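Heads up, upload.pdb below (PDB, C-alpha atoms and all ligand atoms):
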```pdb
MODEL        1
ATOM      1  CA  MET E   1      -4.250 -12.519 -18.402
ATOM      2  CA  ALA E   2      -3.121  -8.991 -17.689
ATOM      3  CA  ARG E   3      -2.393  -8.006 -14.111
ATOM      4  CA  VAL E   4      -4.521  -4.963 -13.271
ATOM      5  CA  PHE E   5      -4.010  -2.768 -10.214
ATOM      6  CA  SER E   6      -5.958   0.261  -9.071
ATOM      7  CA  GLY E   7      -6.429   2.169  -5.844
ATOM      8  CA  ILE E   8      -9.020   4.345  -4.193
ATOM      9  CA  GLN E   9      -8.826   6.562  -1.120
ATOM     10  CA  PRO E  10     -11.119   6.022   1.866
ATOM     11  CA  SER E  11     -12.150   9.635   2.067
ATOM     12  CA  GLY E  12     -15.916   9.705   2.365
ATOM     13  CA  ASP E  13     -18.739   8.251   0.317
ATOM     14  CA  LEU E  14     -18.672   7.706  -3.407
ATOM     15  CA  HIS E  15     -20.821   9.573  -5.883
ATOM     16  CA  LEU E  16     -22.415   8.576  -9.154
ATOM     17  CA  GLY E  17     -19.344   9.729 -11.106
ATOM     18  CA  ASN E  18     -17.077   7.342  -9.173
ATOM     19  CA  LEU E  19     -19.528   4.507  -9.728
ATOM     20  CA  LEU E  20     -20.151   4.999 -13.446
ATOM     21  CA  GLY E  21     -16.658   6.257 -14.282
ATOM     22  CA  ALA E  22     -14.480   3.826 -12.369
ATOM     23  CA  ILE E  23     -16.045   1.232 -10.108
ATOM     24  CA  ARG E  24     -18.373  -0.312 -12.657
ATOM     25  CA  ASN E  25     -15.424  -0.704 -14.947
ATOM     26  CA  TRP E  26     -13.516  -2.500 -12.193
ATOM     27  CA  THR E  27     -16.413  -4.884 -11.659
ATOM     28  CA  ARG E  28     -16.279  -5.780 -15.362
ATOM     29  CA  MET E  29     -12.502  -6.132 -15.507
ATOM     30  CA  GLN E  30     -12.441  -8.556 -12.567
ATOM     31  CA  HIS E  31     -13.974 -11.228 -14.808
ATOM     32  CA  VAL E  32     -11.458 -10.685 -17.601
ATOM     33  CA  ASP E  33      -8.141  -9.853 -15.973
ATOM     34  CA  ASP E  34      -6.181 -10.669 -12.843
ATOM     35  CA  THR E  35      -7.383  -7.685 -10.811
ATOM     36  CA  ILE E  36      -6.135  -6.187  -7.573
ATOM     37  CA  PHE E  37      -7.988  -3.302  -5.913
ATOM     38  CA  CYS E  38      -6.489  -1.455  -3.001
ATOM     39  CA  ILE E  39      -8.085   0.859  -0.447
ATOM     40  CA  VAL E  40      -5.234   3.318   0.003
ATOM     41  CA  ASP E  41      -5.532   4.365   3.635
ATOM     42  CA  LEU E  42      -1.872   5.452   3.823
ATOM     43  CA  HIS E  43      -2.489   7.931   1.016
ATOM     44  CA  ALA E  44      -5.448   9.305   2.955
ATOM     45  CA  LEU E  45      -3.083  10.173   5.833
ATOM     46  CA  THR E  46      -1.466  12.867   3.675
ATOM     47  CA  LEU E  47      -4.455  15.075   4.449
ATOM     48  CA  ARG E  48      -4.735  14.235   8.180
ATOM     49  CA  PRO E  49      -8.202  12.705   8.455
ATOM     50  CA  ASP E  50      -9.752  12.176  11.876
ATOM     51  CA  ALA E  51      -8.520   8.772  13.176
ATOM     52  CA  GLU E  52     -11.906   7.250  14.008
ATOM     53  CA  ARG E  53     -13.315   8.557  10.803
ATOM     54  CA  LEU E  54     -10.525   6.998   8.732
ATOM     55  CA  GLN E  55     -11.086   3.589  10.260
ATOM     56  CA  ALA E  56     -14.853   3.778   9.730
ATOM     57  CA  ASP E  57     -14.435   5.080   6.170
ATOM     58  CA  THR E  58     -12.070   2.224   5.332
ATOM     59  CA  VAL E  59     -14.636  -0.423   6.300
ATOM     60  CA  ARG E  60     -17.449   1.553   4.672
ATOM     61  CA  LEU E  61     -15.541   1.842   1.395
ATOM     62  CA  ALA E  62     -14.836  -1.893   1.363
ATOM     63  CA  GLN E  63     -18.544  -2.539   1.891
ATOM     64  CA  THR E  64     -19.429  -0.069  -0.835
ATOM     65  CA  LEU E  65     -17.075  -1.693  -3.339
ATOM     66  CA  ILE E  66     -18.448  -5.142  -2.563
ATOM     67  CA  ALA E  67     -22.029  -3.851  -2.732
ATOM     68  CA  ALA E  68     -21.245  -2.293  -6.113
ATOM     69  CA  GLY E  69     -20.127  -5.665  -7.442
ATOM     70  CA  LEU E  70     -16.493  -6.339  -6.605
ATOM     71  CA  ASP E  71     -16.380  -9.988  -5.614
ATOM     72  CA  PRO E  72     -13.578 -10.721  -3.141
ATOM     73  CA  ASP E  73     -13.522 -14.321  -4.374
ATOM     74  CA  VAL E  74     -12.844 -13.170  -7.926
ATOM     75  CA  CYS E  75     -10.570 -10.148  -7.467
ATOM     76  CA  THR E  76      -8.122  -9.232  -4.723
ATOM     77  CA  LEU E  77      -9.532  -6.497  -2.498
ATOM     78  CA  PHE E  78      -7.384  -5.283   0.372
ATOM     79  CA  VAL E  79      -6.282  -2.382   2.543
ATOM     80  CA  GLN E  80      -2.902  -0.829   1.697
ATOM     81  CA  SER E  81      -1.612  -0.577   5.297
ATOM     82  CA  HIS E  82      -2.217  -4.318   5.805
ATOM     83  CA  VAL E  83       0.655  -5.103   3.453
ATOM     84  CA  SER E  84       3.785  -3.571   4.944
ATOM     85  CA  GLN E  85       5.785  -3.853   1.728
ATOM     86  CA  HIS E  86       4.005  -0.750   0.382
ATOM     87  CA  VAL E  87       5.785   1.482   2.873
ATOM     88  CA  GLU E  88       9.090  -0.276   2.382
ATOM     89  CA  LEU E  89       9.022   0.073  -1.388
ATOM     90  CA  SER E  90       7.758   3.627  -1.083
ATOM     91  CA  TRP E  91      11.033   4.618   0.574
ATOM     92  CA  ILE E  92      13.012   3.013  -2.203
ATOM     93  CA  MET E  93      10.863   4.861  -4.763
ATOM     94  CA  GLU E  94      11.538   8.128  -2.906
ATOM     95  CA  CYS E  95      15.225   7.406  -3.410
ATOM     96  CA  THR E  96      14.605   6.622  -7.090
ATOM     97  CA  ALA E  97      12.553   9.740  -7.831
ATOM     98  CA  SER E  98      14.177  13.153  -7.991
ATOM     99  CA  TYR E  99      13.020  16.146  -5.988
ATOM    100  CA  GLY E 100      12.441  17.981  -9.265
ATOM    101  CA  GLU E 101      10.109  15.425 -10.755
ATOM    102  CA  LEU E 102       7.982  15.169  -7.621
ATOM    103  CA  ASN E 103       7.852  18.954  -7.578
ATOM    104  CA  ARG E 104       6.357  18.952 -11.081
ATOM    105  CA  MET E 105       3.317  16.865 -10.117
ATOM    106  CA  THR E 106       0.254  18.971 -10.794
ATOM    107  CA  GLN E 107      -1.818  17.190  -8.153
ATOM    108  CA  PHE E 108       0.732  18.200  -5.512
ATOM    109  CA  LYS E 109       0.643  21.822  -6.641
ATOM    110  CA  ASP E 110      -3.112  21.747  -6.591
ATOM    111  CA  LYS E 111      -3.522  20.050  -3.199
ATOM    112  CA  SER E 112      -0.710  21.963  -1.506
ATOM    113  CA  SER E 113      -2.193  25.276  -2.606
ATOM    114  CA  ARG E 114      -5.351  24.351  -0.668
ATOM    115  CA  ALA E 115      -3.780  22.672   2.405
ATOM    116  CA  ASP E 116      -3.038  24.648   5.555
ATOM    117  CA  PHE E 117      -0.378  22.106   6.522
ATOM    118  CA  ILE E 118       1.641  20.691   3.635
ATOM    119  CA  SER E 119       2.998  17.371   4.884
ATOM    120  CA  ALA E 120       6.110  15.828   3.362
ATOM    121  CA  GLY E 121       3.828  12.868   2.657
ATOM    122  CA  LEU E 122       1.716  15.001   0.357
ATOM    123  CA  PHE E 123       4.897  15.704  -1.596
ATOM    124  CA  THR E 124       6.045  12.068  -1.748
ATOM    125  CA  TYR E 125       2.517  10.727  -2.365
ATOM    126  CA  PRO E 126       3.371   9.690  -5.967
ATOM    127  CA  ALA E 127       6.322   7.581  -4.744
ATOM    128  CA  LEU E 128       3.921   5.582  -2.565
ATOM    129  CA  GLN E 129       1.551   5.266  -5.498
ATOM    130  CA  ALA E 130       4.423   3.987  -7.670
ATOM    131  CA  ALA E 131       5.234   1.437  -4.960
ATOM    132  CA  ASP E 132       1.585   0.287  -4.908
ATOM    133  CA  ILE E 133       1.660  -0.366  -8.616
ATOM    134  CA  LEU E 134       5.150  -1.860  -8.957
ATOM    135  CA  LEU E 135       4.781  -4.284  -6.029
ATOM    136  CA  TYR E 136       2.338  -6.387  -8.013
ATOM    137  CA  ASP E 137       4.122  -6.677 -11.390
ATOM    138  CA  THR E 138       1.216  -4.645 -12.730
ATOM    139  CA  ASP E 139       0.573  -4.443 -16.471
ATOM    140  CA  LEU E 140      -2.398  -2.072 -16.501
ATOM    141  CA  VAL E 141      -3.551   0.745 -14.221
ATOM    142  CA  PRO E 142      -7.142   1.826 -14.898
ATOM    143  CA  VAL E 143      -7.520   5.325 -13.456
ATOM    144  CA  GLY E 144      -8.961   8.645 -14.559
ATOM    145  CA  ASP E 145      -7.115  11.212 -16.572
ATOM    146  CA  ASP E 146      -6.181  13.148 -13.413
ATOM    147  CA  GLN E 147      -3.908  10.234 -12.454
ATOM    148  CA  ARG E 148      -2.114   9.987 -15.796
ATOM    149  CA  GLN E 149       0.892  11.976 -14.584
ATOM    150  CA  HIS E 150       1.354   9.688 -11.571
ATOM    151  CA  VAL E 151       1.309   6.591 -13.759
ATOM    152  CA  GLU E 152       3.775   8.212 -16.179
ATOM    153  CA  LEU E 153       6.056   8.898 -13.213
ATOM    154  CA  THR E 154       5.691   5.271 -12.118
ATOM    155  CA  ARG E 155       6.831   4.156 -15.563
ATOM    156  CA  ASP E 156       9.827   6.509 -15.435
ATOM    157  CA  LEU E 157      10.801   5.233 -11.982
ATOM    158  CA  ALA E 158      10.473   1.591 -13.015
ATOM    159  CA  GLU E 159      12.623   2.165 -16.094
ATOM    160  CA  ARG E 160      15.245   4.132 -14.155
ATOM    161  CA  PHE E 161      15.400   1.446 -11.464
ATOM    162  CA  ASN E 162      15.714  -1.314 -14.076
ATOM    163  CA  ARG E 163      18.581   0.563 -15.750
ATOM    164  CA  ARG E 164      20.385   1.127 -12.451
ATOM    165  CA  TYR E 165      19.924  -2.278 -10.873
ATOM    166  CA  GLY E 166      18.959  -4.659 -13.656
ATOM    167  CA  ASP E 167      15.542  -5.880 -14.728
ATOM    168  CA  THR E 168      13.373  -5.840 -11.604
ATOM    169  CA  PHE E 169      10.033  -4.193 -12.343
ATOM    170  CA  VAL E 170       7.312  -4.668 -14.910
ATOM    171  CA  VAL E 171       6.716  -1.277 -16.556
ATOM    172  CA  PRO E 172       2.962  -0.599 -16.251
ATOM    173  CA  GLU E 173       0.614   1.222 -18.591
ATOM    174  CA  HIS E 174      -2.164   3.650 -17.876
ATOM    175  CA  VAL E 175      -5.570   2.711 -19.261
ATOM    176  CA  ILE E 176      -8.542   5.030 -19.359
ATOM    177  CA  PRO E 177     -11.505   2.938 -18.233
ATOM    178  CA  PRO E 178     -12.977   1.856 -21.593
ATOM    179  CA  THR E 179     -16.604   1.696 -20.539
ATOM    180  CA  GLY E 180     -16.478   4.560 -18.081
ATOM    181  CA  ALA E 181     -18.913   7.433 -18.462
ATOM    182  CA  ARG E 182     -17.802  10.973 -17.711
ATOM    183  CA  VAL E 183     -20.359  12.219 -15.233
ATOM    184  CA  MET E 184     -20.599  15.975 -14.802
ATOM    185  CA  ASP E 185     -21.997  18.078 -11.963
ATOM    186  CA  LEU E 186     -25.776  18.478 -12.333
ATOM    187  CA  GLN E 187     -25.589  22.156 -11.395
ATOM    188  CA  ALA E 188     -22.365  22.989 -13.266
ATOM    189  CA  PRO E 189     -22.190  20.570 -16.205
ATOM    190  CA  HIS E 190     -18.833  21.928 -17.387
ATOM    191  CA  ALA E 191     -17.167  20.443 -14.283
ATOM    192  CA  LYS E 192     -16.791  16.798 -13.339
ATOM    193  CA  MET E 193     -19.067  15.553 -10.567
ATOM    194  CA  SER E 194     -16.800  15.614  -7.536
ATOM    195  CA  LYS E 195     -16.558  15.175  -3.807
ATOM    196  CA  SER E 196     -15.539  18.770  -3.209
ATOM    197  CA  THR E 197     -18.638  20.261  -4.796
ATOM    198  CA  GLY E 198     -20.610  17.579  -3.022
ATOM    199  CA  GLU E 199     -22.446  19.855  -0.627
ATOM    200  CA  ALA E 200     -24.258  21.372  -3.568
ATOM    201  CA  PRO E 201     -27.209  19.618  -5.213
ATOM    202  CA  GLY E 202     -25.102  18.878  -8.293
ATOM    203  CA  THR E 203     -23.693  15.629  -6.870
ATOM    204  CA  ILE E 204     -25.629  12.362  -6.606
ATOM    205  CA  TRP E 205     -24.285  10.322  -3.698
ATOM    206  CA  ILE E 206     -24.403   6.577  -3.971
ATOM    207  CA  TYR E 207     -26.506   6.432  -0.773
ATOM    208  CA  ASP E 208     -28.919   9.234  -1.659
ATOM    209  CA  GLU E 209     -32.548   8.267  -1.157
ATOM    210  CA  PRO E 210     -34.883   8.049  -4.166
ATOM    211  CA  ALA E 211     -36.733  11.270  -3.289
ATOM    212  CA  VAL E 212     -33.438  13.161  -3.066
ATOM    213  CA  ILE E 213     -32.268  11.751  -6.395
ATOM    214  CA  GLU E 214     -35.534  12.785  -8.057
ATOM    215  CA  LYS E 215     -35.245  16.282  -6.686
ATOM    216  CA  LYS E 216     -31.635  16.700  -7.810
ATOM    217  CA  PHE E 217     -32.431  15.583 -11.350
ATOM    218  CA  LYS E 218     -35.536  17.760 -11.478
ATOM    219  CA  ARG E 219     -33.346  20.758 -10.658
ATOM    220  CA  ALA E 220     -30.495  19.784 -12.979
ATOM    221  CA  VAL E 221     -29.236  22.659 -15.108
ATOM    222  CA  THR E 222     -30.075  22.327 -18.807
ATOM    223  CA  ASP E 223     -30.482  25.191 -21.283
ATOM    224  CA  SER E 224     -33.270  27.255 -22.811
ATOM    225  CA  ASP E 225     -33.572  25.893 -26.335
ATOM    226  CA  ALA E 226     -35.729  22.860 -25.492
ATOM    227  CA  ASP E 227     -34.025  20.557 -27.996
ATOM    228  CA  VAL E 228     -32.897  17.103 -26.842
ATOM    229  CA  ARG E 229     -29.596  16.465 -28.570
ATOM    230  CA  TYR E 230     -26.286  14.881 -27.536
ATOM    231  CA  ASP E 231     -23.853  17.766 -27.976
ATOM    232  CA  VAL E 232     -21.354  18.103 -25.153
ATOM    233  CA  ALA E 233     -19.976  21.481 -26.259
ATOM    234  CA  GLU E 234     -23.269  23.244 -26.991
ATOM    235  CA  LYS E 235     -25.565  21.415 -24.584
ATOM    236  CA  PRO E 236     -23.505  20.176 -21.623
ATOM    237  CA  GLY E 237     -26.425  19.780 -19.197
ATOM    238  CA  VAL E 238     -28.655  17.792 -21.529
ATOM    239  CA  SER E 239     -25.718  15.717 -22.762
ATOM    240  CA  ASN E 240     -24.804  14.873 -19.188
ATOM    241  CA  LEU E 241     -28.342  13.606 -18.526
ATOM    242  CA  LEU E 242     -28.137  11.503 -21.698
ATOM    243  CA  SER E 243     -24.727  10.112 -20.667
ATOM    244  CA  ILE E 244     -25.986   9.174 -17.230
ATOM    245  CA  LEU E 245     -29.149   7.604 -18.602
ATOM    246  CA  GLY E 246     -27.052   5.772 -21.175
ATOM    247  CA  ALA E 247     -24.549   4.471 -18.643
ATOM    248  CA  ALA E 248     -27.278   3.421 -16.230
ATOM    249  CA  THR E 249     -29.255   1.534 -18.891
ATOM    250  CA  ASP E 250     -26.425   0.391 -21.197
ATOM    251  CA  HIS E 251     -27.476   2.472 -24.191
ATOM    252  CA  ASP E 252     -25.504   4.986 -26.145
ATOM    253  CA  PRO E 253     -26.505   8.594 -25.398
ATOM    254  CA  GLU E 254     -26.902   9.650 -29.048
ATOM    255  CA  SER E 255     -29.569   7.071 -29.764
ATOM    256  CA  LEU E 256     -31.405   7.901 -26.528
ATOM    257  CA  ALA E 257     -31.676  11.547 -27.567
ATOM    258  CA  GLY E 258     -34.103  10.644 -30.355
ATOM    259  CA  ARG E 259     -36.615   9.310 -27.850
ATOM    260  CA  TYR E 260     -37.217  12.646 -26.141
ATOM    261  CA  GLN E 261     -38.829  15.905 -27.198
ATOM    262  CA  GLN E 262     -38.746  17.578 -23.795
ATOM    263  CA  TYR E 263     -36.396  17.913 -20.856
ATOM    264  CA  GLY E 264     -38.967  16.940 -18.210
ATOM    265  CA  PRO E 265     -39.392  13.309 -19.273
ATOM    266  CA  LEU E 266     -35.639  12.965 -19.890
ATOM    267  CA  LYS E 267     -34.945  14.115 -16.326
ATOM    268  CA  ALA E 268     -37.627  11.827 -14.899
ATOM    269  CA  ASP E 269     -36.342   8.786 -16.800
ATOM    270  CA  THR E 270     -32.736   9.508 -15.846
ATOM    271  CA  ALA E 271     -33.708   9.794 -12.187
ATOM    272  CA  ALA E 272     -35.675   6.530 -12.412
ATOM    273  CA  ALA E 273     -32.729   4.749 -14.084
ATOM    274  CA  VAL E 274     -30.304   5.966 -11.421
ATOM    275  CA  ILE E 275     -32.675   4.941  -8.628
ATOM    276  CA  ALA E 276     -32.980   1.493 -10.228
ATOM    277  CA  LEU E 277     -29.200   1.248 -10.532
ATOM    278  CA  LEU E 278     -28.492   2.315  -6.947
ATOM    279  CA  GLY E 279     -31.347   0.433  -5.260
ATOM    280  CA  PRO E 280     -29.714  -3.018  -5.226
ATOM    281  CA  ILE E 281     -26.346  -1.510  -4.259
ATOM    282  CA  GLN E 282     -27.941   0.294  -1.327
ATOM    283  CA  ALA E 283     -29.737  -2.889  -0.223
ATOM    284  CA  ARG E 284     -26.575  -4.992  -0.399
ATOM    285  CA  PHE E 285     -24.649  -2.308   1.475
ATOM    286  CA  ALA E 286     -27.208  -2.350   4.305
ATOM    287  CA  GLU E 287     -26.760  -6.122   4.590
ATOM    288  CA  LEU E 288     -22.968  -5.848   4.692
ATOM    289  CA  GLN E 289     -23.154  -3.075   7.265
ATOM    290  CA  SER E 290     -25.007  -5.379   9.635
ATOM    291  CA  ASP E 291     -21.946  -7.660   9.811
ATOM    292  CA  PRO E 292     -18.726  -5.597   9.919
ATOM    293  CA  ALA E 293     -16.736  -8.574  11.249
ATOM    294  CA  GLU E 294     -17.397 -10.410   7.991
ATOM    295  CA  THR E 295     -16.084  -7.430   6.014
ATOM    296  CA  ARG E 296     -12.942  -7.416   8.164
ATOM    297  CA  ARG E 297     -12.517 -11.124   7.511
ATOM    298  CA  LEU E 298     -12.809 -10.604   3.749
ATOM    299  CA  LEU E 299     -10.199  -7.838   3.925
ATOM    300  CA  ALA E 300      -7.853 -10.090   5.888
ATOM    301  CA  VAL E 301      -8.160 -12.751   3.201
ATOM    302  CA  GLY E 302      -7.520 -10.084   0.567
ATOM    303  CA  ALA E 303      -4.409  -8.890   2.391
ATOM    304  CA  GLY E 304      -3.125 -12.465   2.472
ATOM    305  CA  LYS E 305      -3.554 -12.808  -1.287
ATOM    306  CA  ALA E 306      -1.876  -9.435  -1.857
ATOM    307  CA  ARG E 307       1.058 -10.272   0.419
ATOM    308  CA  ALA E 308       1.710 -13.506  -1.454
ATOM    309  CA  ILE E 309       2.375 -11.435  -4.594
ATOM    310  CA  ALA E 310       4.066  -8.441  -2.967
ATOM    311  CA  ALA E 311       6.525 -10.272  -0.699
ATOM    312  CA  PRO E 312       8.626 -11.919  -3.454
ATOM    313  CA  VAL E 313       8.701  -8.675  -5.462
ATOM    314  CA  ALA E 314       9.888  -6.788  -2.382
ATOM    315  CA  GLU E 315      12.607  -9.428  -1.876
ATOM    316  CA  ARG E 316      13.723  -8.951  -5.470
ATOM    317  CA  VAL E 317      14.037  -5.219  -4.829
ATOM    318  CA  ARG E 318      15.954  -5.647  -1.550
ATOM    319  CA  THR E 319      18.454  -7.895  -3.300
ATOM    320  CA  ALA E 320      18.723  -5.550  -6.299
ATOM    321  CA  VAL E 321      19.595  -2.470  -4.225
ATOM    322  CA  GLY E 322      22.009  -4.349  -1.960
ATOM    323  CA  LEU E 323      20.233  -4.455   1.396
ATOM    324  CA  LEU E 324      21.819  -7.105   3.606
ATOM    325  CA  PRO E 325      19.466 -10.047   4.259
ATOM    326  CA  ALA E 326      18.286 -10.010   7.890
TER     327      ALA E 326
HETATM  328  N1  LIG E 401      -3.870   8.538  -6.343
HETATM  329  C1  LIG E 401      -5.037   7.749  -6.692
HETATM  330  C2  LIG E 401      -6.251   8.682  -6.690
HETATM  331  O1  LIG E 401      -6.250   9.685  -6.042
HETATM  332  C3  LIG E 401      -5.265   6.611  -5.744
HETATM  333  C4  LIG E 401      -4.166   5.596  -5.833
HETATM  334  C5  LIG E 401      -3.219   5.315  -4.907
HETATM  335  C6  LIG E 401      -3.934   4.711  -6.916
HETATM  336  N2  LIG E 401      -2.408   4.305  -5.316
HETATM  337  C7  LIG E 401      -2.809   3.917  -6.546
HETATM  338  C8  LIG E 401      -4.533   4.520  -8.155
HETATM  339  C9  LIG E 401      -2.297   2.970  -7.418
HETATM  340  C10 LIG E 401      -4.017   3.566  -9.021
HETATM  341  C11 LIG E 401      -2.905   2.790  -8.656
HETATM  342  O2  LIG E 401      -7.233   8.369  -7.340
ENDMDL
END
```
Using structure tokens, write down the structure from this file.
Ligand code: TRP
Amino acid sequence: MARVFSGIQPSGDLHLGNLLGAIRNWTRMQHVDDTIFCIVDLHALTLRPDAERLQADTVRLAQTLIAAGLDPDVCTLFVQSHVSQHVELSWIMECTASYGELNRMTQFKDKSSRADFISAGLFTYPALQAADILLYDTDLVPVGDDQRQHVELTRDLAERFNRRYGDTFVVPEHVIPPTGARVMDLQAPHAKMSKSTGEAPGTIWIYDEPAVIEKKFKRAVTDSDADVRYDVAEKPGVSNLLSILGAATDHDPESLAGRYQQYGPLKADTAAAVIALLGPIQARFAELQSDPAETRRLLAVGAGKARAIAAPVAERVRTAVGLLPA
């Protein structure tokens, strides 16, 4: 069984793209591989979230992941800051990475160009991410394409460390979620559905009400040639609807295209499929929300499972680099 590790930031609610692109894939992998999923609250600190908000978002994200199908009895689900070895190994990764390679990270350039305060943590963010991954002898890291560079860096750091200090780390591989759908913005179908464009009606939030979902799909941008065809380059809006409908109903988008002559019914069916997909998740979430203490208990159990793996790896690293046993 492959060891799989992935992480997600507690920075507000998820949207349909997160669910269909990543989370649903995690829920499938948990039954196949040895999976560990981490709510990376320390990474969220790089952008200075409000303290109360961060705590609430952390619990809410755990509840969302469980509502979406992650089973804490099957996978390991935990909060990054609950396992202190992440911070410890992060420092050692900072001393393994060079200034130059961190400076080449495109996500840093992108985020720092938008931040009014550029914390050192924003710069060293990928070292913490490498620590997350390497602490668990991870084989596979399922994340989107935007994270490829961070996983490549993690591989480089693991290999460099192993050369310097002897075989210590498993060198992980990046995997693009195999069943993940690429969900685009309903108003700007050339761009990925995202949190930052989330104020606009182009993003479907996982807790949107049915009437809101219907309205957003009704207004989705298509094109003027009234031909239902799966053609991402020529017909991005229509293809996006077909992808979403396909992902929500487990059909391939090309074959679905043949069933429609007009955009109206395609939009209505896609909205209905998304409402049917989100309904049970929303109901389960409401149940979990009524008992936050139970969520905290599940996260404590998850942290215990994570620590049992991370602690011996961290010991291996301490010995390798020559830190004196306490
Ligand atoms: N940087 C990732 C993101 O923004 C989140 C993350 C943190 C992560 N640590 C990780 C992902 C470890 C995979 C593995 O999406």
Can you pull out every residue within 12 Å of Lys305 of chain E, counting all atoms listed in the file, but drop anything in the same chain fewer than 2 positions away, and send it as a list in words? Thr35, Ile36, Phe37, Cys38, Pro72, Asp73, Val74, Cys75, Thr76, Leu77, Phe78, Val79, His82, Val83, Tyr136, Leu298, Leu299, Ala300, Val301, Gly302, Ala303, Arg307, Ala308, Ile309, Ala310 and Ala311 of chain E
Do you know which residues are within 10 Å of ligand LIG 401 (chain E) using only C-alpha atoms and all ligand atoms? Can you write them as a PyMOL selection string? chain E and resi 4-10+22+36-44+80+86+107+125-134+138+140-148+150-151+154+174
Using all atoms listed in the file, pick whichever of E:Arg28, E:Gln289, E:Gly12, E:Ala2 has the shortest atom-to-atom distance to Pro49 of chain E.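 Selected residue with least distance to Pro49 of chain E: E:Gly12.
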Which protein, DNA or RNA residues have an atom at most 12 Å from (-19.6, 19.0, -11.9), counting only C-alpha atoms? List them as a VMD selection string. chain E and resid 15 to 17 182 to 204 220 to 221 236 to 237 240
Between atom CA of Gln85 of chain E and atom CA of Asp137 of chain E, distance in Å (one decimal):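 For atom CA of Gln85 of chain E relative to atom CA of Asp137 of chain E, the distance reads 13.5 Å.
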List, as a PyMOL selection string, every residue that the PyMOL selection byres (((chain E and resi 314) around 9) and not hetatm) selects in the file provided. chain E and resi 85-86+88-89+135+310-313+315-319
Of the residues E:Ala271, E:Leu241, E:Leu324, E:Val232, which is the one nearest to Ala211 of chain E, using all atoms listed in the file?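 Of all the options, E:Ala271 lies closest to Ala211 of chain E.
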So that I can see what lies close to Met105 of chain E, please list as a PDB file with C-alpha atoms, in the coordinates of the input the residues with an atom at most 9 Å from it, counting all atoms listed in the file and leaving out residues fewer than 3 positions away in the same chain.
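Ended up saving to out_15.pdb:
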```pdb
ATOM      1  CA  GLU E 101      10.109  15.425 -10.755  1.00  0.00           C
ATOM      2  CA  LEU E 102       7.982  15.169  -7.621  1.00  0.00           C
ATOM      3  CA  PHE E 108       0.732  18.200  -5.512  1.00  0.00           C
ATOM      4  CA  LYS E 109       0.643  21.822  -6.641  1.00  0.00           C
ATOM      5  CA  ASP E 110      -3.112  21.747  -6.591  1.00  0.00           C
ATOM      6  CA  PHE E 123       4.897  15.704  -1.596  1.00  0.00           C
ATOM      7  CA  PRO E 126       3.371   9.690  -5.967  1.00  0.00           C
ATOM      8  CA  GLN E 149       0.892  11.976 -14.584  1.00  0.00           C
ATOM      9  CA  HIS E 150       1.354   9.688 -11.571  1.00  0.00           C
ATOM     10  CA  LEU E 153       6.056   8.898 -13.213  1.00  0.00           C
TER      11      LEU E 153
END
```
In terms of all atoms listed in the file, the residue from E:Ser112, E:Ser255, E:Thr295, E:Ser90 at minimal distance from Ala62 of chain E is E:Thr295
Output as JSON the centre and edge lengths (Å, one decimal) of the box along x, y and z of the file that holds every listed atom of segment 10-19 of chain E after adding 3 Å on each side.
```
{"center_x": -16.8, "center_y": 7.1, "center_z": -4.4, "size_x": 17.3, "size_y": 11.2, "size_z": 19.5}
```
Evaluate the PyMOL selection byres (((chain E and resi 276) around 12) and not hetatm) against this structure - the residues, as a list in words, please. Ile206, Glu209, Pro210, Ile213, Glu214, Leu245, Ala248, Thr249, Asp269, Thr270, Ala271, Ala272, Ala273, Val274, Ile275, Leu277, Leu278, Gly279, Pro280, Ile281, Gln282 and Ala283 of chain E
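Interatomic distance, atom CA of Gly21 of chain E to atom CA of Lys216 of chain E: 19.4 Å.
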